[in-house]
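Peer 1: So that you have it, the file is data-v2.pdb, and it contains PDB, C-alpha atoms:
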```
MODEL        1
ATOM      1  CA  LEU A   1    -152.454 -29.377 -47.785  1.00  0.00           C
ATOM      2  CA  TYR A   2    -153.074 -25.655 -47.219  1.00  0.00           C
ATOM      3  CA  GLY A   3    -150.387 -24.854 -49.778  1.00  0.00           C
ATOM      4  CA  ILE A   4    -151.753 -27.262 -52.379  1.00  0.00           C
ATOM      5  CA  VAL A   5    -155.371 -26.124 -52.079  1.00  0.00           C
ATOM      6  CA  GLY A   6    -154.389 -22.452 -51.884  1.00  0.00           C
ATOM      7  CA  SER A   7    -152.161 -22.718 -54.952  1.00  0.00           C
ATOM      8  CA  ALA A   8    -154.899 -24.577 -56.839  1.00  0.00           C
ATOM      9  CA  MET A   9    -157.426 -21.845 -56.048  1.00  0.00           C
ATOM     10  CA  MET A  10    -155.016 -19.141 -57.154  1.00  0.00           C
ATOM     11  CA  THR A  11    -154.492 -21.053 -60.400  1.00  0.00           C
ATOM     12  CA  VAL A  12    -158.271 -21.243 -60.913  1.00  0.00           C
ATOM     13  CA  MET A  13    -158.235 -17.424 -60.646  1.00  0.00           C
ATOM     14  CA  LEU A  14    -156.681 -17.358 -64.117  1.00  0.00           C
ATOM     15  CA  GLY A  15    -159.952 -18.678 -65.552  1.00  0.00           C
ATOM     16  CA  TYR A  16    -161.412 -15.179 -65.409  1.00  0.00           C
ATOM     17  CA  THR A  17    -158.550 -13.777 -67.497  1.00  0.00           C
ATOM     18  CA  LEU A  18    -158.902 -16.603 -70.019  1.00  0.00           C
ATOM     19  CA  ARG A  19    -162.677 -16.104 -70.166  1.00  0.00           C
ATOM     20  CA  LYS A  20    -162.151 -12.444 -71.088  1.00  0.00           C
ATOM     21  CA  ARG A  21    -159.447 -12.992 -73.692  1.00  0.00           C
ATOM     22  CA  VAL A  22    -160.023 -16.401 -75.327  1.00  0.00           C
ATOM     23  CA  ARG A  23    -162.669 -16.159 -78.025  1.00  0.00           C
ATOM     24  CA  ALA A  24    -163.648 -19.830 -77.709  1.00  0.00           C
ATOM     25  CA  MET A  25    -164.580 -19.309 -74.035  1.00  0.00           C
ATOM     26  CA  ARG A  26    -166.943 -16.357 -74.538  1.00  0.00           C
ATOM     27  CA  LYS A  27    -169.987 -18.603 -74.369  1.00  0.00           C
ATOM     28  CA  TRP A  28    -168.834 -20.315 -71.169  1.00  0.00           C
ATOM     29  CA  GLY A  29    -171.147 -18.477 -68.793  1.00  0.00           C
ATOM     30  CA  GLY A  30    -171.558 -14.814 -67.905  1.00  0.00           C
ATOM     31  CA  LEU A  31    -168.453 -12.772 -67.216  1.00  0.00           C
ATOM     32  CA  ARG A  32    -169.741 -11.638 -63.814  1.00  0.00           C
ATOM     33  CA  TYR A  33    -169.932 -15.261 -62.608  1.00  0.00           C
ATOM     34  CA  TRP A  34    -166.315 -15.779 -63.591  1.00  0.00           C
ATOM     35  CA  LEU A  35    -165.442 -12.594 -61.745  1.00  0.00           C
ATOM     36  CA  ASP A  36    -167.235 -13.842 -58.621  1.00  0.00           C
ATOM     37  CA  LEU A  37    -165.203 -17.059 -58.801  1.00  0.00           C
ATOM     38  CA  HIS A  38    -162.051 -15.011 -59.355  1.00  0.00           C
ATOM     39  CA  ILE A  39    -162.769 -12.951 -56.235  1.00  0.00           C
ATOM     40  CA  VAL A  40    -163.594 -15.943 -54.019  1.00  0.00           C
ATOM     41  CA  CYS A  41    -160.407 -17.740 -55.067  1.00  0.00           C
ATOM     42  CA  GLY A  42    -158.470 -14.464 -54.729  1.00  0.00           C
ATOM     43  CA  VAL A  43    -159.539 -14.175 -51.091  1.00  0.00           C
ATOM     44  CA  VAL A  44    -159.593 -17.780 -49.862  1.00  0.00           C
ATOM     45  CA  GLY A  45    -156.479 -18.891 -51.789  1.00  0.00           C
ATOM     46  CA  PRO A  46    -154.131 -16.285 -50.263  1.00  0.00           C
ATOM     47  CA  LEU A  47    -155.567 -16.964 -46.784  1.00  0.00           C
ATOM     48  CA  LEU A  48    -154.703 -20.646 -47.174  1.00  0.00           C
ATOM     49  CA  ILE A  49    -151.223 -19.724 -48.387  1.00  0.00           C
ATOM     50  CA  VAL A  50    -150.746 -17.545 -45.291  1.00  0.00           C
ATOM     51  CA  LEU A  51    -151.638 -20.566 -43.122  1.00  0.00           C
ATOM     52  CA  HIS A  52    -149.336 -22.730 -45.223  1.00  0.00           C
ATOM     53  CA  SER A  53    -146.446 -20.320 -44.655  1.00  0.00           C
ATOM     54  CA  SER A  54    -146.984 -20.074 -40.867  1.00  0.00           C
ATOM     55  CA  PHE A  55    -145.922 -16.444 -41.374  1.00  0.00           C
ATOM     56  CA  LYS A  56    -142.366 -17.634 -42.046  1.00  0.00           C
ATOM     57  CA  VAL A  57    -141.230 -16.420 -45.459  1.00  0.00           C
ATOM     58  CA  HIS A  58    -137.695 -15.749 -46.568  1.00  0.00           C
ATOM     59  CA  GLY A  59    -135.510 -15.939 -49.645  1.00  0.00           C
ATOM     60  CA  LEU A  60    -137.006 -16.006 -53.126  1.00  0.00           C
ATOM     61  CA  ILE A  61    -140.382 -17.307 -51.936  1.00  0.00           C
ATOM     62  CA  ALA A  62    -140.802 -14.064 -50.007  1.00  0.00           C
ATOM     63  CA  LEU A  63    -141.111 -12.304 -53.369  1.00  0.00           C
ATOM     64  CA  SER A  64    -144.025 -14.554 -54.280  1.00  0.00           C
ATOM     65  CA  PHE A  65    -145.617 -14.175 -50.849  1.00  0.00           C
ATOM     66  CA  TRP A  66    -145.535 -10.377 -50.721  1.00  0.00           C
ATOM     67  CA  SER A  67    -146.531 -10.153 -54.381  1.00  0.00           C
ATOM     68  CA  MET A  68    -149.528 -12.317 -53.459  1.00  0.00           C
ATOM     69  CA  VAL A  69    -150.392  -9.905 -50.648  1.00  0.00           C
ATOM     70  CA  ALA A  70    -150.104  -6.968 -53.063  1.00  0.00           C
ATOM     71  CA  VAL A  71    -152.303  -8.753 -55.623  1.00  0.00           C
ATOM     72  CA  ALA A  72    -154.971  -9.540 -53.012  1.00  0.00           C
ATOM     73  CA  LEU A  73    -155.034  -6.004 -51.607  1.00  0.00           C
ATOM     74  CA  SER A  74    -155.008  -4.339 -55.010  1.00  0.00           C
ATOM     75  CA  GLY A  75    -157.786  -6.721 -56.036  1.00  0.00           C
ATOM     76  CA  VAL A  76    -160.060  -5.060 -53.479  1.00  0.00           C
ATOM     77  CA  LEU A  77    -159.426  -1.707 -55.164  1.00  0.00           C
ATOM     78  CA  GLY A  78    -159.884  -3.278 -58.594  1.00  0.00           C
ATOM     79  CA  ARG A  79    -163.251  -4.714 -57.592  1.00  0.00           C
ATOM     80  CA  TYR A  80    -164.369  -1.269 -56.415  1.00  0.00           C
ATOM     81  CA  LEU A  81    -163.288   0.365 -59.683  1.00  0.00           C
ATOM     82  CA  TYR A  82    -164.938  -2.425 -61.669  1.00  0.00           C
ATOM     83  CA  LEU A  83    -168.278  -1.710 -59.983  1.00  0.00           C
ATOM     84  CA  GLN A  84    -168.070   1.968 -60.936  1.00  0.00           C
ATOM     85  CA  ILE A  85    -167.986   1.202 -64.673  1.00  0.00           C
ATOM     86  CA  PRO A  86    -171.502   0.667 -66.108  1.00  0.00           C
ATOM     87  CA  ARG A  87    -172.000  -2.908 -67.260  1.00  0.00           C
ATOM     88  CA  ALA A  88    -174.700  -5.155 -68.636  1.00  0.00           C
ATOM     89  CA  ALA A  89    -176.246  -7.939 -66.567  1.00  0.00           C
ATOM     90  CA  GLY A  90    -173.691 -10.394 -67.946  1.00  0.00           C
ATOM     91  CA  GLY A  91    -170.746  -8.218 -66.890  1.00  0.00           C
ATOM     92  CA  GLU A  92    -169.821  -6.774 -70.294  1.00  0.00           C
ATOM     93  CA  ARG A  93    -168.953  -3.069 -70.356  1.00  0.00           C
ATOM     94  CA  LEU A  94    -171.672  -0.842 -71.793  1.00  0.00           C
ATOM     95  CA  SER A  95    -170.812   1.466 -74.683  1.00  0.00           C
ATOM     96  CA  LEU A  96    -171.376   5.219 -74.601  1.00  0.00           C
ATOM     97  CA  GLU A  97    -174.259   4.758 -77.027  1.00  0.00           C
ATOM     98  CA  GLU A  98    -175.939   2.250 -74.716  1.00  0.00           C
ATOM     99  CA  LEU A  99    -175.450   4.560 -71.735  1.00  0.00           C
ATOM    100  CA  GLU A 100    -176.956   7.479 -73.623  1.00  0.00           C
ATOM    101  CA  VAL A 101    -179.979   5.358 -74.565  1.00  0.00           C
ATOM    102  CA  GLU A 102    -180.472   4.482 -70.890  1.00  0.00           C
ATOM    103  CA  ARG A 103    -180.175   8.131 -69.860  1.00  0.00           C
ATOM    104  CA  GLN A 104    -182.828   9.115 -72.389  1.00  0.00           C
ATOM    105  CA  ARG A 105    -185.079   6.296 -71.195  1.00  0.00           C
ATOM    106  CA  LEU A 106    -184.865   7.465 -67.575  1.00  0.00           C
ATOM    107  CA  ALA A 107    -185.513  11.057 -68.637  1.00  0.00           C
ATOM    108  CA  THR A 108    -188.606   9.891 -70.533  1.00  0.00           C
ATOM    109  CA  VAL A 109    -189.890   8.093 -67.426  1.00  0.00           C
ATOM    110  CA  LEU A 110    -189.410  11.267 -65.363  1.00  0.00           C
ATOM    111  CA  ARG A 111    -191.320  13.299 -67.947  1.00  0.00           C
ATOM    112  CA  ASP A 112    -194.166  10.876 -68.615  1.00  0.00           C
ATOM    113  CA  GLU A 113    -194.804   9.430 -65.161  1.00  0.00           C
ATOM    114  CA  PHE A 114    -193.948  12.389 -62.957  1.00  0.00           C
ATOM    115  CA  ASP A 115    -194.610  15.402 -65.233  1.00  0.00           C
ATOM    116  CA  MET A 116    -191.069  16.749 -64.879  1.00  0.00           C
ATOM    117  CA  ASP A 117    -190.030  19.243 -67.540  1.00  0.00           C
ATOM    118  CA  ASP A 118    -186.529  19.587 -68.977  1.00  0.00           C
ATOM    119  CA  GLU A 119    -185.637  22.282 -66.464  1.00  0.00           C
ATOM    120  CA  ALA A 120    -186.585  20.056 -63.527  1.00  0.00           C
ATOM    121  CA  ILE A 121    -184.560  17.134 -64.958  1.00  0.00           C
ATOM    122  CA  ALA A 122    -181.649  19.497 -65.495  1.00  0.00           C
ATOM    123  CA  GLY A 123    -181.889  20.285 -61.771  1.00  0.00           C
ATOM    124  CA  LEU A 124    -180.953  16.674 -61.020  1.00  0.00           C
ATOM    125  CA  GLY A 125    -177.983  17.021 -63.353  1.00  0.00           C
ATOM    126  CA  ALA A 126    -176.954  20.213 -61.557  1.00  0.00           C
ATOM    127  CA  ILE A 127    -176.697  18.285 -58.287  1.00  0.00           C
ATOM    128  CA  VAL A 128    -174.384  15.776 -59.980  1.00  0.00           C
ATOM    129  CA  SER A 129    -172.308  18.600 -61.499  1.00  0.00           C
ATOM    130  CA  GLU A 130    -171.843  20.160 -58.079  1.00  0.00           C
ATOM    131  CA  VAL A 131    -170.786  16.887 -56.463  1.00  0.00           C
ATOM    132  CA  VAL A 132    -168.715  15.502 -59.346  1.00  0.00           C
ATOM    133  CA  PRO A 133    -166.648  18.080 -61.255  1.00  0.00           C
ATOM    134  CA  ARG A 134    -165.356  17.045 -64.657  1.00  0.00           C
ATOM    135  CA  ARG A 135    -161.698  16.012 -64.977  1.00  0.00           C
ATOM    136  CA  PRO A 136    -160.770  16.368 -61.286  1.00  0.00           C
ATOM    137  CA  GLY A 137    -157.546  14.395 -61.762  1.00  0.00           C
ATOM    138  CA  LEU A 138    -157.046  10.679 -61.152  1.00  0.00           C
ATOM    139  CA  LEU A 139    -155.870  10.944 -57.551  1.00  0.00           C
ATOM    140  CA  ALA A 140    -158.647  13.379 -56.631  1.00  0.00           C
ATOM    141  CA  LEU A 141    -161.160  11.108 -58.367  1.00  0.00           C
ATOM    142  CA  LEU A 142    -159.979   8.088 -56.386  1.00  0.00           C
ATOM    143  CA  LEU A 143    -160.206   9.971 -53.086  1.00  0.00           C
ATOM    144  CA  ARG A 144    -163.620  11.523 -53.824  1.00  0.00           C
ATOM    145  CA  MET A 145    -165.457   8.484 -55.204  1.00  0.00           C
ATOM    146  CA  PRO A 146    -166.254   6.770 -51.867  1.00  0.00           C
ATOM    147  CA  PHE A 147    -168.050   9.918 -50.679  1.00  0.00           C
ATOM    148  CA  ASP A 148    -169.968  10.738 -53.872  1.00  0.00           C
ATOM    149  CA  GLY A 149    -172.918   8.557 -52.926  1.00  0.00           C
ATOM    150  CA  PHE A 150    -173.476  10.294 -49.591  1.00  0.00           C
ATOM    151  CA  ARG A 151    -173.325  13.741 -51.168  1.00  0.00           C
ATOM    152  CA  LEU A 152    -175.652  12.776 -54.009  1.00  0.00           C
ATOM    153  CA  ARG A 153    -178.166  11.285 -51.563  1.00  0.00           C
ATOM    154  CA  ARG A 154    -178.128  14.483 -49.534  1.00  0.00           C
ATOM    155  CA  GLY A 155    -178.647  16.573 -52.674  1.00  0.00           C
ATOM    156  CA  LEU A 156    -181.525  14.360 -53.810  1.00  0.00           C
ATOM    157  CA  GLN A 157    -183.231  14.614 -50.412  1.00  0.00           C
ATOM    158  CA  ALA A 158    -182.998  18.410 -50.522  1.00  0.00           C
ATOM    159  CA  TYR A 159    -184.375  18.424 -54.068  1.00  0.00           C
ATOM    160  CA  SER A 160    -187.276  16.075 -53.287  1.00  0.00           C
ATOM    161  CA  ALA A 161    -188.303  18.226 -50.311  1.00  0.00           C
ATOM    162  CA  ARG A 162    -189.379  20.898 -52.815  1.00  0.00           C
ATOM    163  CA  LEU A 163    -191.729  18.536 -54.649  1.00  0.00           C
ATOM    164  CA  GLU A 164    -194.731  19.142 -52.435  1.00  0.00           C
ATOM    165  CA  SER A 165    -197.181  18.437 -55.251  1.00  0.00           C
ATOM    166  CA  LEU A 166    -195.875  14.906 -55.762  1.00  0.00           C
ATOM    167  CA  PRO A 167    -198.260  12.383 -54.133  1.00  0.00           C
ATOM    168  CA  ARG A 168    -196.719  10.307 -51.372  1.00  0.00           C
ATOM    169  CA  SER A 169    -197.866   7.108 -53.113  1.00  0.00           C
ATOM    170  CA  VAL A 170    -195.523   7.691 -56.064  1.00  0.00           C
ATOM    171  CA  ARG A 171    -192.669   9.425 -54.234  1.00  0.00           C
ATOM    172  CA  LYS A 172    -190.753   6.166 -53.710  1.00  0.00           C
ATOM    173  CA  ARG A 173    -190.908   5.332 -57.423  1.00  0.00           C
ATOM    174  CA  TRP A 174    -189.823   8.876 -58.282  1.00  0.00           C
ATOM    175  CA  THR A 175    -186.897   8.692 -55.846  1.00  0.00           C
ATOM    176  CA  GLU A 176    -185.701   5.394 -57.352  1.00  0.00           C
ATOM    177  CA  THR A 177    -185.910   6.744 -60.912  1.00  0.00           C
ATOM    178  CA  ALA A 178    -184.277  10.086 -60.047  1.00  0.00           C
ATOM    179  CA  TRP A 179    -181.491   8.279 -58.186  1.00  0.00           C
ATOM    180  CA  ALA A 180    -180.855   5.987 -61.152  1.00  0.00           C
ATOM    181  CA  GLN A 181    -180.665   9.051 -63.407  1.00  0.00           C
ATOM    182  CA  MET A 182    -178.182  10.786 -61.099  1.00  0.00           C
ATOM    183  CA  VAL A 183    -175.986   7.692 -60.716  1.00  0.00           C
ATOM    184  CA  LEU A 184    -175.867   7.239 -64.472  1.00  0.00           C
ATOM    185  CA  GLU A 185    -175.036  10.919 -64.977  1.00  0.00           C
ATOM    186  CA  ARG A 186    -172.232  10.646 -62.423  1.00  0.00           C
ATOM    187  CA  ARG A 187    -170.763   7.620 -64.174  1.00  0.00           C
ATOM    188  CA  LEU A 188    -170.903   9.348 -67.544  1.00  0.00           C
ATOM    189  CA  ARG A 189    -169.061  12.361 -66.104  1.00  0.00           C
ATOM    190  CA  ILE A 190    -166.205  10.300 -64.659  1.00  0.00           C
ATOM    191  CA  LEU A 191    -166.143   7.493 -67.239  1.00  0.00           C
ATOM    192  CA  ALA A 192    -163.061   8.636 -69.170  1.00  0.00           C
ATOM    193  CA  ASP A 193    -161.029   9.264 -66.001  1.00  0.00           C
ATOM    194  CA  LEU A 194    -162.307   6.053 -64.458  1.00  0.00           C
ATOM    195  CA  GLN A 195    -161.192   4.009 -67.452  1.00  0.00           C
ATOM    196  CA  SER A 196    -157.753   5.646 -67.245  1.00  0.00           C
ATOM    197  CA  LEU A 197    -157.596   4.832 -63.550  1.00  0.00           C
ATOM    198  CA  PHE A 198    -158.586   1.229 -64.248  1.00  0.00           C
ATOM    199  CA  HIS A 199    -155.855   1.035 -66.885  1.00  0.00           C
ATOM    200  CA  TYR A 200    -153.189   2.191 -64.440  1.00  0.00           C
ATOM    201  CA  TRP A 201    -154.515  -0.277 -61.881  1.00  0.00           C
ATOM    202  CA  HIS A 202    -153.938  -3.080 -64.391  1.00  0.00           C
ATOM    203  CA  VAL A 203    -150.400  -1.809 -65.016  1.00  0.00           C
ATOM    204  CA  ILE A 204    -149.655  -2.168 -61.284  1.00  0.00           C
ATOM    205  CA  HIS A 205    -151.696  -5.317 -60.634  1.00  0.00           C
ATOM    206  CA  LYS A 206    -150.352  -7.491 -63.438  1.00  0.00           C
ATOM    207  CA  PRO A 207    -146.584  -7.379 -62.654  1.00  0.00           C
ATOM    208  CA  PHE A 208    -147.263  -8.444 -59.055  1.00  0.00           C
ATOM    209  CA  ALA A 209    -149.409 -11.304 -60.352  1.00  0.00           C
ATOM    210  CA  ILE A 210    -146.688 -12.436 -62.781  1.00  0.00           C
ATOM    211  CA  VAL A 211    -144.039 -12.428 -60.045  1.00  0.00           C
ATOM    212  CA  MET A 212    -146.404 -14.279 -57.706  1.00  0.00           C
ATOM    213  CA  TYR A 213    -147.149 -17.085 -60.165  1.00  0.00           C
ATOM    214  CA  LEU A 214    -143.559 -17.386 -61.387  1.00  0.00           C
ATOM    215  CA  PHE A 215    -141.997 -17.852 -57.955  1.00  0.00           C
ATOM    216  CA  MET A 216    -144.944 -19.948 -56.762  1.00  0.00           C
ATOM    217  CA  LEU A 217    -144.159 -22.356 -59.603  1.00  0.00           C
ATOM    218  CA  VAL A 218    -140.461 -22.389 -58.700  1.00  0.00           C
ATOM    219  CA  HIS A 219    -141.355 -23.052 -55.061  1.00  0.00           C
ATOM    220  CA  ILE A 220    -143.665 -25.948 -55.966  1.00  0.00           C
ATOM    221  CA  VAL A 221    -141.089 -27.552 -58.288  1.00  0.00           C
ATOM    222  CA  VAL A 222    -138.275 -27.251 -55.726  1.00  0.00           C
ATOM    223  CA  ALA A 223    -140.493 -28.533 -52.877  1.00  0.00           C
ATOM    224  CA  THR A 224    -141.546 -31.527 -54.984  1.00  0.00           C
ATOM    225  CA  MET A 225    -138.010 -32.390 -56.146  1.00  0.00           C
ATOM    226  CA  THR A 226    -136.583 -32.151 -52.627  1.00  0.00           C
ATOM    227  CA  GLY A 227    -139.345 -34.260 -51.083  1.00  0.00           C
ATOM    228  CA  TYR A 228    -141.023 -31.591 -48.978  1.00  0.00           C
ATOM    229  CA  VAL A 229    -144.506 -32.225 -50.391  1.00  0.00           C
ATOM    230  CA  SER A 230    -146.383 -34.196 -47.769  1.00  0.00           C
ATOM    231  CA  PHE A 231    -149.946 -34.698 -46.579  1.00  0.00           C
ATOM    232  CA  GLY A 232    -148.788 -35.637 -43.101  1.00  0.00           C
ATOM    233  CA  GLY A 233    -149.093 -38.987 -41.432  1.00  0.00           C
TER     234      GLY A 233
ENDMDL
END
```
Any chance you could give the structure as structure tokens?

Peer 2:
Amino acid sequence: LYGIVGSAMMTVMLGYTLRKRVRAMRKWGGLRYWLDLHIVCGVVGPLLIVLHSSFKVHGLIALSFWSMVAVALSGVLGRYLYLQIPRAAGGERLSLEELEVERQRLATVLRDEFDMDDEAIAGLGAIVSEVVPRRPGLLALLLRMPFDGFRLRRGLQAYSARLESLPRSVRKRWTETAWAQMVLERRLRILADLQSLFHYWHVIHKPFAIVMYLFMLVHIVVATMTGYVSFGG
């Protein structure tokens, strides 16, 4: 039963891929909901398969099992990279033009609501430039990304300490807007490298997935033909 349910959940995972690529399915709910389903099935399904295997894998099915492990583990990295790419509420990737419009909107809020001039706004960008150099290399980018948030927060705190004239009542709103501006600037700076990194992740992730599904199918067919499928009793 663990094997059947686990395999079914891992088959349902393919719905996310179909939702992205099949034109007729583009109106079947937001992409982020399909991704959430993909992630849940990608975690629970492999766990059930591990229970099904009783940690005893050998022969050809071992290829499917360890490919499944590689797919699940690389999926964690893929989810992290996915979150770094700016997207709309529905999960669709934002274009450079849309990102630039959002950057200008945030800059306008900083000017109009908090009386920041261009030099002061550029100071926020300078913090991002110091933390996130352009074109650091894909490996360096991957290693640095988890720590960018901490360094940006520290830079923002040091910057806000100089704004003595800003009333305490609006400081929280200013901090939220300035942080959004810095996060967007960071993503714009690393976007090209991040998309390249995501591409290479797909190149590694997909072959493992193909091997996993192929040998899973062989295993199911052989188990069914030889009478090993049983619900107990």

Peer 1: May I ask which of the residues A:Ala192, A:Leu152, A:Thr17, A:Leu143 is the closest one to Ser95 of chain A, counting only C-alpha atoms?

Peer 2: A:Ala192

Peer 1: Using atom CA of Asp148 of chain A and atom CA of Asp193 of chain A as the two end points, give the distance in Å to one decimal.

Peer 2: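 If I compute the distance from atom CA of Asp148 of chain A to atom CA of Asp193 of chain A, I get 15.1 Å.
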
Peer 1: Hey, which bits of segment 198-218 of chain A sit within 7 Å of segment 60-73 of chain A, and for each residue what's the closest pair of atoms and how far apart in Å (one decimal), counting all atoms listed in the file, rows by chain and increasing number, as a Markdown table?

Peer 2:
```
| residue | atom | partner | partner_atom | distance |
| --- | --- | --- | --- | --- |
| A:His205 | CA | A:Val71 | CA | 6.1 |
| A:Phe208 | CA | A:Ser67 | CA | 5.0 |
| A:Ala209 | CA | A:Val71 | CA | 6.1 |
| A:Val211 | CA | A:Ser64 | CA | 6.1 |
| A:Met212 | CA | A:Ser64 | CA | 4.2 |
| A:Phe215 | CA | A:Ser64 | CA | 5.3 |
| A:Met216 | CA | A:Ser64 | CA | 6.0 |
```

Peer 1: Which residue gives the smallest distance to Ala158 of chain A among A:Arg19, A:Val43, A:Gly29, A:Thr175, with all atoms listed in the file counted?

Peer 2: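 Result for the nearest residue to Ala158 of chain A: A:Thr175.
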
Peer 1: With distances taken over only C-alpha atoms, which of A:Val222, A:His52, A:Thr177, A:Arg186 is nearest to Met116 of chain A?

Peer 2: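 Result for the nearest residue to Met116 of chain A: A:Thr177.
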
Peer 1: Could you list, as a list in words, every residue matched by the PyMOL selection byres ((chain A and resi 128) around 9) in this structure?

Peer 2: Gly123, Leu124, Gly125, Ala126, Ile127, Ser129, Glu130, Val131, Val132, Pro133, Leu152, Gly155, Met182, Val183, Glu185, Arg186 and Arg189 of chain A

Peer 1: Evaluating the PyMOL selection byres ((chain A and resi 142) around 12) on the displayed file yields which residues, as a PyMOL selection string?

Peer 2: chain A and resi 77-78+80-81+84+132+135-141+143-148+190+193-198+201

Peer 1: If the box runs along x, y and z of the file and leaves 6 Å on each side of segment 106-117 of chain A, what are its centre and edge lengths in Å, one decimal, as JSON?

Peer 2:
```
{"center_x": -189.8, "center_y": 13.4, "center_z": -66.7, "size_x": 21.9, "size_y": 23.8, "size_z": 19.6}
```
